[in-house]
file upload-v1.pdb (PDB, C-alpha atoms)
ATOM      1  CA  MET A   1     -35.468  39.920 -14.715
ATOM      2  CA  SER A   2     -34.587  36.612 -13.189
ATOM      3  CA  GLN A   3     -32.839  34.123 -15.444
ATOM      4  CA  LYS A   4     -34.910  31.337 -13.832
ATOM      5  CA  ARG A   5     -38.207  32.861 -14.908
ATOM      6  CA  SER A   6     -37.230  34.071 -18.358
ATOM      7  CA  SER A   7     -39.608  33.135 -21.151
ATOM      8  CA  LEU A   8     -36.582  33.145 -23.436
ATOM      9  CA  LYS A   9     -34.890  30.326 -21.536
ATOM     10  CA  PRO A  10     -34.772  26.976 -23.397
ATOM     11  CA  LEU A  11     -36.519  23.978 -21.884
ATOM     12  CA  GLN A  12     -34.510  21.899 -19.470
ATOM     13  CA  GLY A  13     -32.230  19.613 -21.442
ATOM     14  CA  ALA A  14     -32.297  21.784 -24.563
ATOM     15  CA  ASN A  15     -28.863  22.191 -26.066
ATOM     16  CA  ARG A  16     -28.929  25.903 -26.893
ATOM     17  CA  ASN A  17     -28.399  29.244 -25.298
ATOM     18  CA  PHE A  18     -31.251  31.639 -24.746
ATOM     19  CA  ARG A  19     -31.357  35.181 -26.021
ATOM     20  CA  ARG A  20     -29.954  37.538 -23.459
ATOM     21  CA  ARG A  21     -32.516  40.045 -22.247
ATOM     22  CA  LEU A  22     -31.532  43.610 -22.911
ATOM     23  CA  ASN A  23     -32.300  46.587 -20.754
ATOM     24  CA  LEU A  24     -35.667  48.286 -21.351
ATOM     25  CA  LYS A  25     -34.188  50.722 -23.879
ATOM     26  CA  GLY A  26     -32.589  47.847 -25.814
ATOM     27  CA  GLU A  27     -35.785  45.743 -25.836
ATOM     28  CA  ILE A  28     -37.774  48.748 -27.085
ATOM     29  CA  ALA A  29     -35.213  49.361 -29.812
ATOM     30  CA  LEU A  30     -35.419  45.701 -30.824
ATOM     31  CA  VAL A  31     -39.222  45.585 -30.949
ATOM     32  CA  THR A  32     -39.611  48.885 -32.831
ATOM     33  CA  ALA A  33     -38.805  47.519 -36.303
ATOM     34  CA  PRO A  34     -41.268  44.606 -36.244
ATOM     35  CA  THR A  35     -43.980  46.781 -34.751
ATOM     36  CA  VAL A  36     -43.592  49.442 -37.439
ATOM     37  CA  ILE A  37     -43.542  46.835 -40.208
ATOM     38  CA  VAL A  38     -46.667  45.054 -38.937
ATOM     39  CA  LEU A  39     -48.476  48.403 -38.711
ATOM     40  CA  LEU A  40     -47.421  49.232 -42.284
ATOM     41  CA  VAL A  41     -48.664  45.836 -43.469
ATOM     42  CA  MET A  42     -51.978  46.445 -41.717
ATOM     43  CA  ALA A  43     -52.306  49.851 -43.406
ATOM     44  CA  LEU A  44     -51.523  48.257 -46.774
ATOM     45  CA  VAL A  45     -54.124  45.541 -46.242
ATOM     46  CA  GLU A  46     -56.722  48.092 -45.181
ATOM     47  CA  ALA A  47     -56.030  50.160 -48.289
ATOM     48  CA  LEU A  48     -56.269  47.176 -50.657
ATOM     49  CA  SER A  49     -58.704  44.792 -49.003
ATOM     50  CA  GLN A  50     -60.957  44.017 -46.078
ATOM     51  CA  GLN A  51     -59.174  40.714 -45.416
ATOM     52  CA  ARG A  52     -57.733  41.728 -42.038
ATOM     53  CA  LEU A  53     -57.564  38.281 -40.431
ATOM     54  CA  LEU A  54     -55.604  36.929 -43.363
ATOM     55  CA  PHE A  55     -52.485  38.617 -42.032
ATOM     56  CA  ALA A  56     -52.789  37.721 -38.352
ATOM     57  CA  SER A  57     -50.208  34.982 -38.815
ATOM     58  CA  LEU A  58     -47.710  37.538 -40.105
ATOM     59  CA  ALA A  59     -48.059  39.474 -36.851
ATOM     60  CA  SER A  60     -47.218  36.238 -35.023
ATOM     61  CA  SER A  61     -44.230  35.775 -37.325
ATOM     62  CA  ALA A  62     -43.054  39.284 -36.524
ATOM     63  CA  PHE A  63     -43.230  38.626 -32.800
ATOM     64  CA  LEU A  64     -41.333  35.340 -33.122
ATOM     65  CA  ILE A  65     -38.629  37.129 -35.081
ATOM     66  CA  TYR A  66     -38.356  39.730 -32.322
ATOM     67  CA  LEU A  67     -38.318  37.052 -29.636
ATOM     68  CA  ASP A  68     -35.502  34.988 -31.166
ATOM     69  CA  PRO A  69     -34.295  36.365 -34.515
ATOM     70  CA  LEU A  70     -31.469  33.850 -34.782
ATOM     71  CA  HIS A  71     -33.643  30.743 -34.317
ATOM     72  CA  GLY A  72     -34.043  28.478 -37.358
ATOM     73  CA  THR A  73     -37.831  28.819 -37.163
ATOM     74  CA  ASN A  74     -37.384  32.481 -38.053
ATOM     75  CA  ALA A  75     -34.834  32.103 -40.857
ATOM     76  CA  VAL A  76     -35.707  33.720 -44.168
ATOM     77  CA  ARG A  77     -35.863  30.333 -45.961
ATOM     78  CA  THR A  78     -38.150  28.873 -43.316
ATOM     79  CA  LEU A  79     -40.404  31.931 -43.186
ATOM     80  CA  ILE A  80     -40.850  32.185 -46.946
ATOM     81  CA  LEU A  81     -41.195  28.462 -47.606
ATOM     82  CA  ALA A  82     -43.610  27.735 -44.749
ATOM     83  CA  GLN A  83     -45.818  30.772 -45.280
ATOM     84  CA  THR A  84     -45.926  30.389 -49.070
ATOM     85  CA  MET A  85     -46.697  26.662 -48.877
ATOM     86  CA  ALA A  86     -49.393  27.244 -46.267
ATOM     87  CA  ALA A  87     -51.051  30.023 -48.273
ATOM     88  CA  SER A  88     -51.000  27.922 -51.445
ATOM     89  CA  ILE A  89     -52.314  24.822 -49.677
ATOM     90  CA  GLY A  90     -55.121  26.806 -48.049
ATOM     91  CA  PHE A  91     -56.025  28.409 -51.372
ATOM     92  CA  ILE A  92     -56.082  25.009 -53.129
ATOM     93  CA  THR A  93     -58.251  23.368 -50.456
ATOM     94  CA  TYR A  94     -60.608  26.357 -50.594
ATOM     95  CA  SER A  95     -60.813  25.967 -54.392
ATOM     96  CA  ILE A  96     -61.585  22.242 -54.111
ATOM     97  CA  PHE A  97     -63.752  22.029 -50.966
ATOM     98  CA  GLY A  98     -65.057  25.584 -50.587
ATOM     99  CA  ASN A  99     -65.164  27.645 -47.424
ATOM    100  CA  GLY A 100     -65.505  25.460 -44.348
ATOM    101  CA  TYR A 101     -64.068  23.203 -41.697
ATOM    102  CA  ILE A 102     -63.245  20.379 -44.109
ATOM    103  CA  SER A 103     -61.169  22.751 -46.218
ATOM    104  CA  GLY A 104     -59.522  24.220 -43.115
ATOM    105  CA  GLY A 105     -58.769  20.857 -41.528
ATOM    106  CA  ILE A 106     -57.270  19.410 -44.675
ATOM    107  CA  ALA A 107     -55.224  22.568 -45.289
ATOM    108  CA  MET A 108     -53.879  22.537 -41.742
ATOM    109  CA  VAL A 109     -52.854  18.860 -41.832
ATOM    110  CA  ILE A 110     -51.184  19.146 -45.250
ATOM    111  CA  ALA A 111     -49.397  22.383 -44.273
ATOM    112  CA  ILE A 112     -47.970  20.757 -41.132
ATOM    113  CA  ALA A 113     -46.895  17.674 -43.098
ATOM    114  CA  PHE A 114     -45.178  19.816 -45.756
ATOM    115  CA  MET A 115     -43.418  21.936 -43.126
ATOM    116  CA  ILE A 116     -42.074  18.745 -41.527
ATOM    117  CA  PHE A 117     -41.098  17.196 -44.869
ATOM    118  CA  PHE A 118     -39.304  20.327 -46.129
ATOM    119  CA  ASP A 119     -37.800  21.096 -42.700
ATOM    120  CA  ALA A 120     -39.414  24.530 -42.729
ATOM    121  CA  MET A 121     -41.330  24.651 -39.461
ATOM    122  CA  HIS A 122     -42.801  28.063 -38.758
ATOM    123  CA  PRO A 123     -45.875  27.721 -36.471
ATOM    124  CA  PRO A 124     -47.718  30.879 -37.653
ATOM    125  CA  ALA A 125     -47.941  29.298 -41.122
ATOM    126  CA  VAL A 126     -50.539  26.865 -39.751
ATOM    127  CA  ALA A 127     -52.819  29.862 -39.187
ATOM    128  CA  THR A 128     -52.041  31.041 -42.714
ATOM    129  CA  SER A 129     -53.328  27.766 -44.169
ATOM    130  CA  LEU A 130     -56.561  28.183 -42.212
ATOM    131  CA  SER A 131     -56.958  31.813 -43.262
ATOM    132  CA  PHE A 132     -56.778  30.876 -46.921
ATOM    133  CA  ALA A 133     -59.037  27.837 -46.496
ATOM    134  CA  PHE A 134     -61.657  30.042 -44.788
ATOM    135  CA  LYS A 135     -61.298  32.752 -47.469
ATOM    136  CA  ALA A 136     -64.051  35.349 -47.495
ATOM    137  CA  GLY A 137     -65.087  37.240 -50.602
ATOM    138  CA  ASN A 138     -63.490  37.396 -54.026
ATOM    139  CA  VAL A 139     -60.389  39.426 -53.208
ATOM    140  CA  SER A 140     -57.074  38.107 -54.534
ATOM    141  CA  ASN A 141     -55.640  37.052 -51.187
ATOM    142  CA  LEU A 142     -52.562  35.373 -52.670
ATOM    143  CA  PHE A 143     -51.281  38.627 -54.187
ATOM    144  CA  LEU A 144     -51.884  40.591 -50.999
ATOM    145  CA  PHE A 145     -50.310  37.886 -48.878
ATOM    146  CA  ALA A 146     -47.218  37.680 -51.108
ATOM    147  CA  LEU A 147     -46.807  41.439 -50.795
ATOM    148  CA  ALA A 148     -47.152  41.332 -47.022
ATOM    149  CA  LEU A 149     -44.816  38.321 -46.796
ATOM    150  CA  GLY A 150     -42.173  40.245 -48.729
ATOM    151  CA  ILE A 151     -42.463  43.069 -46.238
ATOM    152  CA  THR A 152     -42.157  40.597 -43.369
ATOM    153  CA  VAL A 153     -38.977  39.121 -44.881
ATOM    154  CA  LEU A 154     -37.538  42.637 -44.678
ATOM    155  CA  LEU A 155     -38.287  42.402 -41.001
ATOM    156  CA  VAL A 156     -35.866  39.479 -40.644
ATOM    157  CA  GLY A 157     -33.073  41.590 -42.088
ATOM    158  CA  LEU A 158     -33.999  44.522 -39.868
ATOM    159  CA  GLU A 159     -33.988  42.324 -36.788
ATOM    160  CA  ARG A 160     -30.601  40.825 -37.580
ATOM    161  CA  TYR A 161     -29.228  44.316 -38.127
ATOM    162  CA  ALA A 162     -30.812  45.470 -34.869
ATOM    163  CA  LEU A 163     -29.221  42.569 -32.976
ATOM    164  CA  TRP A 164     -25.855  43.334 -34.500
ATOM    165  CA  LEU A 165     -26.218  47.003 -33.675
ATOM    166  CA  LEU A 166     -27.391  46.297 -30.140
ATOM    167  CA  SER A 167     -24.612  43.768 -29.483
ATOM    168  CA  HIS A 168     -22.028  46.341 -30.541
ATOM    169  CA  TYR A 169     -23.800  49.051 -28.587
ATOM    170  CA  THR A 170     -23.880  47.017 -25.368
ATOM    171  CA  GLU A 171     -20.284  45.726 -25.677
ATOM    172  CA  GLY A 172     -18.635  49.131 -25.542
TER     173      GLY A 172
END
call {"tool": "encode", "arguments": {"input": "upload-v1.pdb", "output": "structure tokens"}}
result
Amino acid sequence: MSQKRSSLKPLQGANRNFRRRLNLKGEIALVTAPTVIVLLVMALVEALSQQRLLFASLASSAFLIYLDPLHGTNAVRTLILAQTMAASIGFITYSIFGNGYISGGIAMVIAIAFMIFFDAMHPPAVATSLSFAFKAGNVSNLFLFALALGITVLLVGLERYALWLLSHYTEG
């Protein structure tokens, strides 16, 4: 793939290197862990609840971690803090305003403000705040989300290990 057309290349003027593309075998090896974990999370959600859309943001988190596992947006602290704050904020706005656009809008704005204030910007968490604000049914979404988030945090460790393994594999 051309370096000029790489989606992993930083914007012009950005002061950072982009993740080096691996060969097809390496990219498949790197994407395997997040794919398996997201599928396991989906199976867990299906077994415990019918709240499928609640975890869509975690799939986005998994892809971001695959795309650039060493970026600050995908750090364990950022992932946990942003997703937990967003879920809590969405749940609180749902409890106060009920299910609707007012609840969703307020949750989204507060989640973004908190992510900026706490320097924990993880874009998929915005969708998490909306998912909780638009909660459907009486299922305990916070428990299920915390469980799925814990599994996703494992993904960060797996990705860092995969990068380490792949860097050693491609060096020699």
call {"tool": "atom_distance", "arguments": {"input": "upload-v1.pdb", "atom1": "CA of Pro69 (chain A)", "atom2": "CA of Arg21 (chain A)"}}
result
12.9 Å
call {"tool": "resolve_selection", "arguments": {"input": "upload-v1.pdb", "expression": "the PyMOL selection byres ((chain A and resi 65) around 9)", "output": "count of residues only"}}
result
18
call {"tool": "closest_residue", "arguments": {"input": "upload-v1.pdb", "among": "A:Ala29, A:Met108, A:Ala146, A:Leu163", "to": "Pro123 (chain A)", "atoms": "only C-alpha atoms"}}
result
A:Met108
call {"tool": "resolve_selection", "arguments": {"input": "upload-v1.pdb", "expression": "the PyMOL selection byres ((chain A and resi 149) around 10)", "output": "PyMOL selection string"}}
result
chain A and resi 41+55+58+61+79-80+83-84+143-148+150-155
call {"tool": "atom_distance", "arguments": {"input": "upload-v1.pdb", "atom1": "CA of Ile102 (chain A)", "atom2": "CA of Thr78 (chain A)"}}
result
26.5 Å
call {"tool": "closest_residue", "arguments": {"input": "upload-v1.pdb", "among": "A:Lys25, A:Lys135, A:Arg160, A:His122", "to": "Arg77 (chain A)", "atoms": "all atoms listed in the file"}}
result
A:His122
call {"tool": "residues_around", "arguments": {"input": "upload-v1.pdb", "residues": "Ala56 (chain A)", "least_positions_apart": "3", "cutoff": "9 Å", "atoms": "all atoms listed in the file", "output": "VMD selection string"}}
result
chain A and resid 52 to 53 59 to 61 124 127 to 128 131
call {"tool": "atom_distance", "arguments": {"input": "upload-v1.pdb", "atom1": "CA of Ala133 (chain A)", "atom2": "CA of Val76 (chain A)"}}
result
24.2 Å
call {"tool": "residues_around", "arguments": {"input": "upload-v1.pdb", "residues": "Met85 (chain A)", "least_positions_apart": "3", "cutoff": "8 Å", "atoms": "all atoms listed in the file", "output": "JSON, numbers by chain"}}
result
{"A": [81, 82, 88, 89, 111, 114]}
call {"tool": "closest_residue", "arguments": {"input": "upload-v1.pdb", "among": "A:Val31, A:Val126, A:Ala47, A:Met121", "to": "Ile106 (chain A)", "atoms": "all atoms listed in the file"}}
result
A:Val126
call {"tool": "closest_residue", "arguments": {"input": "upload-v1.pdb", "among": "A:Glu27, A:Phe134, A:Leu22, A:Phe117", "to": "Phe97 (chain A)", "atoms": "all atoms listed in the file"}}
result
A:Phe134
call {"tool": "residues_around", "arguments": {"input": "upload-v1.pdb", "residues": "Ser129 (chain A)", "least_positions_apart": "6", "cutoff": "6 Å", "atoms": "all atoms listed in the file", "output": "MDAnalysis selection string"}}
result
chainID A and resid 86:87 90 107:108
call {"tool": "closest_residue", "arguments": {"input": "upload-v1.pdb", "among": "A:Met115, A:Ile96, A:Ile37, A:Met42", "to": "Leu158 (chain A)", "atoms": "all atoms listed in the file"}}
result
A:Ile37
call {"tool": "closest_residue", "arguments": {"input": "upload-v1.pdb", "among": "A:Leu130, A:Ile116, A:Ala43, A:Ala33", "to": "Tyr101 (chain A)", "atoms": "all atoms listed in the file"}}
result
A:Leu130
call {"tool": "build_atoms", "arguments": {"input": "upload-v1.pdb", "residues": "region 34-45 of chain A", "atoms": "all heavy atoms", "output": "mmCIF file, in the frame of the given file"}}
result
data_model
loop_
_atom_site.group_PDB
_atom_site.id
_atom_site.type_symbol
_atom_site.label_atom_id
_atom_site.label_comp_id
_atom_site.auth_asym_id
_atom_site.auth_seq_id
_atom_site.Cartn_x
_atom_site.Cartn_y
_atom_site.Cartn_z
ATOM 1 N N PRO A 34 -40.139 45.470 -35.890
ATOM 2 C CA PRO A 34 -41.268 44.606 -36.244
ATOM 3 C C PRO A 34 -42.613 45.277 -36.028
ATOM 4 O O PRO A 34 -43.537 45.066 -36.808
ATOM 5 C CB PRO A 34 -41.115 43.382 -35.335
ATOM 6 C CG PRO A 34 -40.090 43.716 -34.339
ATOM 7 C CD PRO A 34 -39.301 44.873 -34.859
ATOM 8 N N THR A 35 -42.714 46.099 -35.010
ATOM 9 C CA THR A 35 -43.980 46.781 -34.751
ATOM 10 C C THR A 35 -44.322 47.730 -35.898
ATOM 11 O O THR A 35 -45.447 47.739 -36.397
ATOM 12 C CB THR A 35 -43.913 47.558 -33.417
ATOM 13 O OG1 THR A 35 -43.607 46.632 -32.375
ATOM 14 C CG2 THR A 35 -45.222 48.257 -33.126
ATOM 15 N N VAL A 36 -43.363 48.504 -36.332
ATOM 16 C CA VAL A 36 -43.592 49.442 -37.439
ATOM 17 C C VAL A 36 -43.959 48.680 -38.706
ATOM 18 O O VAL A 36 -44.896 49.058 -39.425
ATOM 19 C CB VAL A 36 -42.347 50.336 -37.655
ATOM 20 C CG1 VAL A 36 -42.432 51.101 -38.968
ATOM 21 C CG2 VAL A 36 -42.187 51.298 -36.488
ATOM 22 N N ILE A 37 -43.256 47.582 -38.981
ATOM 23 C CA ILE A 37 -43.542 46.835 -40.208
ATOM 24 C C ILE A 37 -44.934 46.207 -40.164
ATOM 25 O O ILE A 37 -45.671 46.256 -41.146
ATOM 26 C CB ILE A 37 -42.441 45.799 -40.479
ATOM 27 C CG1 ILE A 37 -41.194 46.564 -40.908
ATOM 28 C CG2 ILE A 37 -42.868 44.789 -41.526
ATOM 29 C CD1 ILE A 37 -40.034 45.748 -41.331
ATOM 30 N N VAL A 38 -45.325 45.638 -39.039
ATOM 31 C CA VAL A 38 -46.667 45.054 -38.937
ATOM 32 C C VAL A 38 -47.723 46.147 -39.116
ATOM 33 O O VAL A 38 -48.729 45.940 -39.805
ATOM 34 C CB VAL A 38 -46.847 44.297 -37.609
ATOM 35 C CG1 VAL A 38 -48.306 43.959 -37.367
ATOM 36 C CG2 VAL A 38 -46.014 43.025 -37.620
ATOM 37 N N LEU A 39 -47.518 47.303 -38.541
ATOM 38 C CA LEU A 39 -48.476 48.403 -38.711
ATOM 39 C C LEU A 39 -48.550 48.851 -40.170
ATOM 40 O O LEU A 39 -49.639 49.150 -40.675
ATOM 41 C CB LEU A 39 -48.122 49.569 -37.791
ATOM 42 C CG LEU A 39 -48.317 49.296 -36.292
ATOM 43 C CD1 LEU A 39 -47.786 50.455 -35.467
ATOM 44 C CD2 LEU A 39 -49.774 49.016 -35.970
ATOM 45 N N LEU A 40 -47.415 48.888 -40.860
ATOM 46 C CA LEU A 40 -47.421 49.232 -42.284
ATOM 47 C C LEU A 40 -48.167 48.178 -43.107
ATOM 48 O O LEU A 40 -48.917 48.511 -44.026
ATOM 49 C CB LEU A 40 -45.991 49.399 -42.802
ATOM 50 C CG LEU A 40 -45.248 50.640 -42.326
ATOM 51 C CD1 LEU A 40 -43.791 50.589 -42.771
ATOM 52 C CD2 LEU A 40 -45.928 51.900 -42.852
ATOM 53 N N VAL A 41 -47.949 46.912 -42.773
ATOM 54 C CA VAL A 41 -48.664 45.836 -43.469
ATOM 55 C C VAL A 41 -50.162 45.982 -43.236
ATOM 56 O O VAL A 41 -50.962 45.847 -44.166
ATOM 57 C CB VAL A 41 -48.158 44.445 -43.011
ATOM 58 C CG1 VAL A 41 -49.074 43.343 -43.505
ATOM 59 C CG2 VAL A 41 -46.739 44.212 -43.505
ATOM 60 N N MET A 42 -50.552 46.269 -42.009
ATOM 61 C CA MET A 42 -51.978 46.445 -41.717
ATOM 62 C C MET A 42 -52.558 47.610 -42.505
ATOM 63 O O MET A 42 -53.679 47.514 -43.035
ATOM 64 C CB MET A 42 -52.180 46.645 -40.215
ATOM 65 C CG MET A 42 -51.969 45.368 -39.419
ATOM 66 S SD MET A 42 -51.938 45.583 -37.621
ATOM 67 C CE MET A 42 -53.404 46.508 -37.292
ATOM 68 N N ALA A 43 -51.835 48.707 -42.627
ATOM 69 C CA ALA A 43 -52.306 49.851 -43.406
ATOM 70 C C ALA A 43 -52.434 49.472 -44.881
ATOM 71 O O ALA A 43 -53.403 49.857 -45.538
ATOM 72 C CB ALA A 43 -51.356 51.032 -43.226
ATOM 73 N N LEU A 44 -51.477 48.710 -45.383
ATOM 74 C CA LEU A 44 -51.523 48.257 -46.774
ATOM 75 C C LEU A 44 -52.738 47.373 -47.017
ATOM 76 O O LEU A 44 -53.461 47.538 -48.001
ATOM 77 C CB LEU A 44 -50.232 47.497 -47.107
ATOM 78 C CG LEU A 44 -50.137 46.888 -48.490
ATOM 79 C CD1 LEU A 44 -50.074 47.986 -49.545
ATOM 80 C CD2 LEU A 44 -48.912 45.990 -48.575
ATOM 81 N N VAL A 45 -52.973 46.435 -46.111
ATOM 82 C CA VAL A 45 -54.124 45.541 -46.242
ATOM 83 C C VAL A 45 -55.421 46.338 -46.205
ATOM 84 O O VAL A 45 -56.332 46.103 -46.993
ATOM 85 C CB VAL A 45 -54.105 44.466 -45.133
ATOM 86 C CG1 VAL A 45 -55.403 43.691 -45.099
ATOM 87 C CG2 VAL A 45 -52.938 43.529 -45.344
#
